[in-house]
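Shown below: final34.csv, with CSV, C-alpha atoms.
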chain,number,residue,atom,x,y,z
Y,21,MET,CA,1.0,19.5,-2.0
Y,22,SER,CA,1.0,16.0,-0.4
Y,23,GLU,CA,-2.1,15.1,-2.4
Y,24,GLU,CA,-0.4,16.3,-5.5
Y,25,ARG,CA,2.6,14.1,-4.8
Y,26,ASN,CA,0.4,11.0,-4.4
Y,27,LYS,CA,-1.1,11.4,-7.8
Y,28,PRO,CA,-0.6,8.1,-9.6
Y,29,GLU,CA,0.6,9.7,-12.8
Y,30,THR,CA,3.8,10.8,-11.0
Y,31,TYR,CA,4.6,7.2,-10.0
Y,32,LEU,CA,7.7,5.7,-11.7
Y,33,LEU,CA,8.3,2.0,-12.1
Y,34,SER,CA,11.7,0.4,-12.3
Y,35,LYS,CA,12.2,-2.1,-15.1
Y,36,GLU,CA,12.4,-4.9,-12.6
Y,37,LEU,CA,9.1,-3.9,-10.9
Y,38,GLU,CA,7.4,-3.6,-14.3
Y,39,GLU,CA,8.5,-7.1,-15.1
Y,40,ALA,CA,7.2,-8.4,-11.8
Y,41,VAL,CA,3.7,-6.9,-12.5
Y,42,GLN,CA,3.7,-8.5,-16.0
Y,43,VAL,CA,4.6,-11.9,-14.5
Y,44,ALA,CA,1.8,-11.6,-12.0
Y,45,GLU,CA,-0.7,-10.8,-14.8
Y,46,ILE,CA,0.5,-13.7,-16.9
Y,47,THR,CA,0.4,-16.3,-14.1
Y,48,ALA,CA,-2.8,-14.7,-12.5
Y,49,ARG,CA,-1.1,-15.0,-9.1
Y,50,PRO,CA,-1.0,-12.3,-6.4
Y,51,LEU,CA,2.1,-10.0,-6.5
Y,52,LEU,CA,3.7,-9.9,-3.0
Y,53,LEU,CA,5.8,-6.7,-2.6
Y,54,LYS,CA,8.4,-6.1,0.1
Y,55,GLY,CA,10.7,-3.2,0.6
Y,56,GLU,CA,11.5,-0.6,3.3
Y,57,PRO,CA,8.8,1.9,4.0
Y,58,GLY,CA,8.6,4.7,1.4
Y,59,THR,CA,9.5,2.7,-1.6
Y,60,GLY,CA,6.1,2.9,-3.1
Y,61,LYS,CA,4.6,-0.5,-2.5
Y,62,SER,CA,1.1,0.7,-1.8
Y,63,LEU,CA,1.1,3.5,-4.3
Y,64,LEU,CA,1.8,0.9,-7.1
Y,65,ALA,CA,-1.9,-0.2,-6.8
Y,66,ASP,CA,-3.1,3.4,-7.4
Y,67,TYR,CA,-0.8,3.7,-10.4
Y,68,LEU,CA,-1.9,0.4,-12.0
Y,69,SER,CA,-5.6,1.3,-11.4
Y,70,PHE,CA,-5.0,4.7,-13.0
Y,71,LYS,CA,-3.0,3.3,-15.9
Y,72,THR,CA,-5.3,0.4,-16.8
Y,73,LYS,CA,-8.5,2.3,-15.9
Y,74,LYS,CA,-9.5,-0.5,-13.6
Y,75,LYS,CA,-11.3,0.1,-10.3
Y,76,LEU,CA,-9.2,-0.2,-7.2
Y,77,TYR,CA,-10.4,-2.1,-4.1
Y,78,SER,CA,-8.2,-1.5,-1.0
Y,79,TRP,CA,-8.0,-3.4,2.2
Y,80,HIS,CA,-5.6,-1.9,4.8
Y,81,VAL,CA,-4.9,-4.7,7.2
Y,82,LYS,CA,-4.7,-4.0,11.0
Y,83,SER,CA,-3.4,-6.1,13.9
Y,84,THR,CA,-7.0,-7.0,14.7
Y,85,SER,CA,-8.0,-7.9,11.1
Y,86,LEU,CA,-9.5,-11.2,10.3
Y,87,ALA,CA,-9.2,-12.8,6.8
Y,88,LYS,CA,-13.0,-13.1,6.5
Y,89,GLU,CA,-13.3,-9.3,6.7
Y,90,GLY,CA,-11.8,-8.9,3.3
Y,91,LEU,CA,-14.5,-11.1,1.9
Y,92,TYR,CA,-17.6,-10.0,3.8
Y,93,PHE,CA,-18.9,-8.8,7.1
Y,94,TYR,CA,-22.2,-9.8,8.8
Y,95,ASP,CA,-23.5,-6.8,10.8
Y,96,ALA,CA,-25.3,-8.8,13.5
Y,97,VAL,CA,-25.4,-5.8,15.9
Y,98,SER,CA,-27.3,-3.6,13.4
Y,99,ARG,CA,-29.8,-6.5,12.7
Y,100,LEU,CA,-30.4,-6.9,16.4
Y,101,ASN,CA,-31.0,-3.2,16.9
Y,102,ASP,CA,-33.3,-3.1,13.9
Y,103,SER,CA,-35.3,-6.0,15.3
Y,104,ARG,CA,-35.9,-4.1,18.5
Y,105,PHE,CA,-36.4,-0.6,17.2
Y,106,THR,CA,-37.4,-0.5,13.5
Y,107,GLU,CA,-40.9,-1.1,12.1
Y,108,ASP,CA,-39.5,-2.5,8.9
Y,109,LYS,CA,-39.7,-6.2,9.9
Y,110,GLU,CA,-39.3,-7.3,6.3
Y,111,LYS,CA,-35.8,-5.7,6.2
Y,112,VAL,CA,-34.9,-7.5,9.4
Y,113,ARG,CA,-36.0,-10.9,8.1
Y,114,ASN,CA,-33.8,-10.6,5.0
Y,115,ILE,CA,-30.3,-11.2,6.3
Y,116,GLU,CA,-28.7,-10.0,3.1
Y,117,ASN,CA,-29.5,-6.5,4.2
Y,118,TYR,CA,-26.8,-6.9,6.8
Y,119,ILE,CA,-24.1,-8.4,4.7
Y,120,ARG,CA,-21.3,-6.0,3.7
Y,121,LEU,CA,-18.8,-7.1,1.1
Y,122,GLY,CA,-15.1,-6.4,1.8
Y,123,ALA,CA,-12.5,-5.4,-0.8
Y,124,LEU,CA,-12.0,-8.9,-2.2
Y,125,GLY,CA,-15.8,-9.6,-2.1
Y,126,GLU,CA,-16.5,-6.4,-4.1
Y,127,ALA,CA,-13.8,-7.2,-6.6
Y,128,PHE,CA,-15.1,-10.8,-7.0
Y,129,SER,CA,-18.6,-9.5,-7.5
Y,130,SER,CA,-17.7,-6.9,-10.0
Y,131,SER,CA,-18.3,-7.7,-13.7
Y,132,GLU,CA,-15.4,-5.4,-14.6
Y,133,HIS,CA,-11.6,-6.1,-14.3
Y,134,SER,CA,-10.2,-4.6,-11.2
Y,135,VAL,CA,-7.1,-4.1,-9.0
Y,136,VAL,CA,-7.1,-5.3,-5.3
Y,137,LEU,CA,-4.6,-4.0,-2.7
Y,138,ILE,CA,-4.1,-6.0,0.5
Y,139,ASP,CA,-1.9,-3.6,2.4
Y,140,GLU,CA,0.6,-4.6,5.1
Y,141,ILE,CA,-0.6,-8.2,5.4
Y,142,ASP,CA,2.2,-8.9,8.0
Y,143,LYS,CA,0.4,-6.7,10.6
Y,144,ALA,CA,-2.2,-9.3,11.2
Y,145,ASP,CA,-2.0,-12.7,13.0
Y,146,ILE,CA,0.4,-15.2,11.6
Y,147,GLU,CA,-2.5,-17.4,10.4
Y,148,PHE,CA,-4.1,-14.6,8.5
Y,149,PRO,CA,-2.3,-15.3,5.2
Y,150,ASN,CA,-3.1,-19.0,5.3
Y,151,ASP,CA,-6.8,-18.2,6.0
Y,152,LEU,CA,-6.9,-16.5,2.5
Y,153,LEU,CA,-5.2,-19.3,0.5
Y,154,LEU,CA,-8.3,-21.0,-0.7
Y,155,GLU,CA,-10.2,-17.8,-1.7
Y,156,LEU,CA,-7.1,-16.4,-3.5
Y,157,ASP,CA,-6.6,-19.7,-5.3
Y,158,ARG,CA,-10.2,-20.3,-6.4
Y,159,MET,CA,-11.3,-16.7,-6.5
Y,160,GLU,CA,-14.6,-17.6,-4.8
Y,161,PHE,CA,-16.1,-17.9,-1.4
Y,162,ILE,CA,-19.4,-18.7,0.3
Y,163,ILE,CA,-21.3,-16.3,2.6
Y,164,GLN,CA,-22.0,-18.7,5.5
Y,165,GLU,CA,-25.1,-16.9,6.8
Y,166,THR,CA,-26.9,-17.1,3.5
Y,167,GLY,CA,-25.2,-20.0,1.6
Y,168,LYS,CA,-24.7,-17.6,-1.4
Y,169,LYS,CA,-21.5,-18.3,-3.4
Y,170,ILE,CA,-19.5,-15.3,-4.7
Y,171,LYS,CA,-17.3,-16.3,-7.6
Y,172,ALA,CA,-15.1,-13.9,-9.5
Y,173,VAL,CA,-16.2,-13.1,-13.0
Y,174,ASN,CA,-12.8,-11.6,-13.8
Y,175,ARG,CA,-9.8,-12.5,-11.7
Y,176,PRO,CA,-8.5,-9.2,-10.2
Y,177,LEU,CA,-4.8,-8.2,-10.3
Y,178,THR,CA,-4.0,-8.6,-6.6
Y,179,LEU,CA,-1.1,-6.7,-4.9
Y,180,ILE,CA,-0.1,-7.7,-1.4
Y,181,THR,CA,2.4,-5.6,0.6
Y,182,SER,CA,4.5,-6.5,3.6
Y,183,ASN,CA,7.0,-4.6,5.7
Y,184,ASN,CA,8.6,-7.8,7.0
Y,185,GLU,CA,7.1,-7.4,10.5
Y,186,LYS,CA,6.4,-11.2,10.5
Y,187,GLU,CA,7.5,-14.1,8.4
Y,188,LEU,CA,4.8,-15.2,6.0
Y,189,PRO,CA,3.9,-18.9,5.8
Y,190,ALA,CA,5.6,-21.0,3.1
Y,191,ALA,CA,2.3,-22.2,1.7
Y,192,PHE,CA,1.3,-18.6,1.1
Y,193,LEU,CA,4.6,-17.6,-0.5
Y,194,ARG,CA,4.3,-20.5,-2.9
Y,195,ARG,CA,1.2,-19.0,-4.3
Y,196,CYS,CA,2.6,-15.5,-4.9
Y,197,ILE,CA,4.9,-13.8,-7.3
Y,198,PHE,CA,7.5,-12.1,-5.2
Y,199,HIS,CA,9.3,-8.8,-5.7
Y,200,TYR,CA,11.5,-6.8,-3.4
Y,201,ILE,CA,11.6,-3.1,-4.2
Y,202,ASP,CA,15.2,-1.9,-3.6
Y,203,PHE,CA,15.6,1.6,-2.4
Y,204,PRO,CA,16.2,3.8,-5.5
Y,205,GLU,CA,19.7,4.6,-6.6
Y,206,PRO,CA,20.5,8.3,-6.9
Y,207,SER,CA,20.0,8.4,-10.7
Y,208,PHE,CA,16.5,6.8,-10.4
Y,209,MET,CA,15.7,9.0,-7.4
Y,210,ALA,CA,16.5,12.0,-9.5
Y,211,ASP,CA,13.9,10.9,-12.0
Y,212,ILE,CA,11.3,10.3,-9.2
Y,213,VAL,CA,11.9,13.8,-7.8
Y,214,SER,CA,11.7,15.4,-11.3
Y,215,SER,CA,8.4,13.6,-11.9
Y,216,HIS,CA,7.0,15.4,-8.9
Y,217,PHE,CA,8.9,18.7,-9.3
Y,218,PRO,CA,9.5,19.1,-13.1
Y,219,ASN,CA,10.8,22.6,-12.8
Y,220,ILE,CA,13.3,22.0,-10.0
Y,221,GLU,CA,16.7,23.6,-10.6
Y,222,SER,CA,19.3,21.0,-11.4
Y,223,SER,CA,21.8,22.5,-8.9
Y,224,LEU,CA,19.2,22.2,-6.1
Y,225,LEU,CA,18.3,18.7,-7.1
Y,226,LYS,CA,22.0,17.6,-7.2
Y,227,ARG,CA,22.8,19.1,-3.7
Y,228,ALA,CA,19.6,17.8,-2.2
Y,229,LEU,CA,20.3,14.3,-3.3
Y,230,GLU,CA,23.9,14.4,-2.1
Y,231,SER,CA,22.8,15.5,1.4
Y,232,PHE,CA,19.9,13.0,1.4
Y,233,TYR,CA,22.1,10.0,0.6
Y,234,VAL,CA,24.8,11.1,3.1
Y,235,ILE,CA,22.1,10.9,5.8
Y,236,ARG,CA,21.1,7.5,4.6
Y,237,THR,CA,24.6,6.2,4.9
Y,238,MET,CA,24.6,6.8,8.7
Y,239,ASP,CA,24.4,3.2,9.9
Y,240,ASP,CA,23.4,4.0,13.5
Y,241,MET,CA,20.1,5.7,12.5
Y,242,LYS,CA,16.9,4.1,13.8
Y,243,LYS,CA,14.7,5.6,11.0
Y,244,LYS,CA,16.5,6.4,7.8
Y,245,PRO,CA,14.6,9.0,5.6
Y,246,GLY,CA,12.7,7.5,2.7
Y,247,THR,CA,11.3,8.8,-0.6
Y,248,SER,CA,8.4,10.5,1.1
Y,249,GLU,CA,10.6,12.4,3.5
Y,250,LEU,CA,12.8,13.5,0.6
Y,251,LEU,CA,9.9,14.8,-1.4
Y,252,ASP,CA,8.6,16.7,1.7
Y,253,TRP,CA,12.0,18.2,2.2
Y,254,ILE,CA,12.4,19.3,-1.4
Y,255,GLN,CA,8.9,20.8,-1.4
Y,256,ILE,CA,9.9,22.9,1.6
Y,257,LEU,CA,13.2,24.0,0.0
Y,258,ILE,CA,11.4,25.1,-3.2
Y,259,HIS,CA,8.6,26.9,-1.3
Y,260,MET,CA,11.1,28.7,0.9
Y,261,GLY,CA,13.4,29.5,-1.9
Y,262,ALA,CA,16.2,27.9,0.1
Y,263,LYS,CA,19.7,27.4,-1.1
Y,264,LEU,CA,21.6,24.5,0.4
Y,265,PRO,CA,24.7,25.8,2.1
Y,266,GLU,CA,28.1,24.6,0.9
Y,267,ASP,CA,29.0,23.3,4.3
Y,268,GLU,CA,27.4,20.3,5.9
Y,269,ARG,CA,24.5,22.1,7.5
Y,270,ILE,CA,21.1,20.9,6.3
Y,271,PRO,CA,18.1,23.2,6.7
Y,272,TYR,CA,14.6,22.0,7.8
Y,273,ILE,CA,16.2,18.8,9.1
Y,274,GLY,CA,12.9,17.9,10.8
Y,275,ALA,CA,11.4,16.9,7.4
Y,276,LEU,CA,14.1,14.2,7.1
Y,277,VAL,CA,14.9,13.0,10.6
Y,278,LYS,CA,11.9,11.8,12.6
Y,279,ASN,CA,13.5,10.4,15.8
Y,280,GLU,CA,15.1,12.4,18.7
Y,281,GLU,CA,18.0,9.9,19.0
Y,282,ASP,CA,18.7,10.2,15.3
Y,283,LEU,CA,18.6,14.0,15.5
Y,284,LYS,CA,21.2,13.9,18.3
Y,285,LEU,CA,23.3,11.5,16.3
Y,286,PHE,CA,23.1,13.7,13.2
Y,287,ARG,CA,24.0,16.9,15.0
What does the file become when written as structure tokens?
Amino acid sequence: MSEERNKPETYLLSKELEEAVQVAEITARPLLLKGEPGTGKSLLADYLSFKTKKKLYSWHVKSTSLAKEGLYFYDAVSRLNDSRFTEDKEKVRNIENYIRLGALGEAFSSSEHSVVLIDEIDKADIEFPNDLLLELDRMEFIIQETGKKIKAVNRPLTLITSNNEKELPAAFLRRCIFHYIDFPEPSFMADIVSSHFPNIESSLLKRALESFYVIRTMDDMKKKPGTSELLDWIQILIHMGAKLPEDERIPYIGALVKNEEDLKLFR
């Protein structure tokens, strides 16, 4: 069911987020998305790819990621091994056989319009965003090992997500369109849940949302449940045919509360 929930056709945009996407398209600037985990920052790229029928190139940034990896990677180790063990010396002599394009490199090289996701950019080193400024501005780069220039035929729609783990450089922010995705209000959350579970009983939906938002009002929680946890929980309730009790007891609480201290606080 988790795969079903992540289908892009079930994604709902707020009016404000839809406007932010339009502004990014008009200005041809990257759209920087912030918001607490579970607000659909990364899934927006899947939705836009599905809606516009554009290919999606995803780059999931890690703490060890380098900006260059999003452009291309030179596999020197494979070339060294091939030089020692393979009989195909012609392959070894051609360095281009060991160049692998990254998500941005593939998008720039494509003759088709595309969507690029740079996911969780704040996980990397503080200089990481600045190292991408020139390439994102000019939409081109040079493969140093071959001298070949890769220039975008069509500027991709670039989405960049951040969970606010680090402050992003001012120079980088100036080149982005910014949008903060607020956590959905109950009425919009009801629409989100209904898009995933169109046959949900209205009484169950109402009681589930009431319980969910009560939990989120607990200020001392370390990890408040997000949209993903809510959808998991409702999936369990529907599958088990559970009826929410009239008192304050909440069944299957492990789907919503993911921290032992929070669980003690809740109980």
Shell around Asp151 of chain Y at 9 Å using all atoms listed in the file, local window under 3 positions removed, as a list in words: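 Residues near the query, excluding close chain neighbours: Leu86, Ala87, Lys88, Glu147, Phe148, Leu154 and Glu155 of chain Y.
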Among listed residues Y:Thr247, Y:Ser215, Y:Ser69, Y:Ser130, nearest Tyr31 of chain Y (using only C-alpha atoms): Y:Ser215
For Glu185 of chain Y: contacts at 10 Å, all atoms listed in the file, fewer than 6 positions along chain excluded, given as JSON, numbers by chain: {"Y": [140, 141, 142, 143, 144]}
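Checking Y:Ile170, Y:Ile46, Y:Val97, Y:Ile220 one by one against Glu126 of chain Y, counting all atoms listed in the file, you find the shortest gap at Y:Ile170.
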Could you give me, as a short mmCIF file (atom, residue, chain, number, x, y, z; two decimals) with C-alpha atoms, keeping the file's coordinate frame, the residues within 12 Å of Ala190 of chain Y, counting all atoms listed in the file and dropping anything in the same chain fewer than 6 positions from it?
data_model
loop_
_atom_site.label_atom_id
_atom_site.label_comp_id
_atom_site.auth_asym_id
_atom_site.auth_seq_id
_atom_site.Cartn_x
_atom_site.Cartn_y
_atom_site.Cartn_z
CA ILE Y 146 0.40 -15.20 11.60
CA GLU Y 147 -2.50 -17.40 10.40
CA PRO Y 149 -2.30 -15.30 5.20
CA ASN Y 150 -3.10 -19.00 5.30
CA LEU Y 153 -5.20 -19.30 0.50
CA CYS Y 196 2.60 -15.50 -4.90
#
Counting all atoms listed in the file, the residue of Y:Thr181, Y:Ser223, Y:Ser98, Y:Thr72 that sits nearest Asp139 of chain Y: Y:Thr181
Interatomic distance, atom CA of Ile115 of chain Y to atom CA of Phe128 of chain Y (Å, one decimal):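 These two atoms are separated by 20.2 Å.
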Could you list, as a short mmCIF file (atom, residue, chain, number, x, y, z; two decimals) with C-alpha atoms, keeping the file's coordinate frame, every residue within 10 Å of Phe217 of chain Y, counting only C-alpha atoms and ignoring same-chain residues fewer than 5 positions away?
data_model
loop_
_atom_site.label_atom_id
_atom_site.label_comp_id
_atom_site.auth_asym_id
_atom_site.auth_seq_id
_atom_site.Cartn_x
_atom_site.Cartn_y
_atom_site.Cartn_z
CA ARG Y 25 2.60 14.10 -4.80
CA THR Y 30 3.80 10.80 -11.00
CA ASP Y 211 13.90 10.90 -12.00
CA ILE Y 212 11.30 10.30 -9.20
CA LEU Y 225 18.30 18.70 -7.10
CA LEU Y 251 9.90 14.80 -1.40
CA ILE Y 254 12.40 19.30 -1.40
CA GLN Y 255 8.90 20.80 -1.40
CA ILE Y 258 11.40 25.10 -3.20
#
Distance criterion (all atoms listed in the file): nearest to Phe198 of chain Y out of Y:Ser78, Y:Ser182, Y:Asn174, Y:Ser103: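 Closest candidate: Y:Ser182.
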Polymer residues at most 8 Å from segment 48-63 of chain Y, only C-alpha atoms, same-chain spacing of 4 or more positions, as a PyMOL selection string: chain Y and resi 26+28+31+40-41+44+67+137+139+156+175+177-184+195-204+246-248
Minimum-distance residue to Asp252 of chain Y, chosen among Y:Asp239, Y:Lys168, Y:His216, Y:Val112 (using only C-alpha atoms):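 Looking at the shortest contact to Asp252 of chain Y, the residue is Y:His216.
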Separation of atom CA of Lys74 of chain Y from atom CA of Ser129 of chain Y in Å: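 So the two atoms, atom CA of Ser129 of chain Y and atom CA of Lys74 of chain Y, lie 14.2 Å apart.
One distance worth recording is that between atom CA of Asn117 of chain Y and atom CA of Trp79 of chain Y, which is 21.8 Å.
Shortest atom-to-atom contact with Asp95 of chain Y among Y:Glu165, Y:Glu187, Y:Glu132, Y:Glu107: Y:Glu165, counting only C-alpha atoms.
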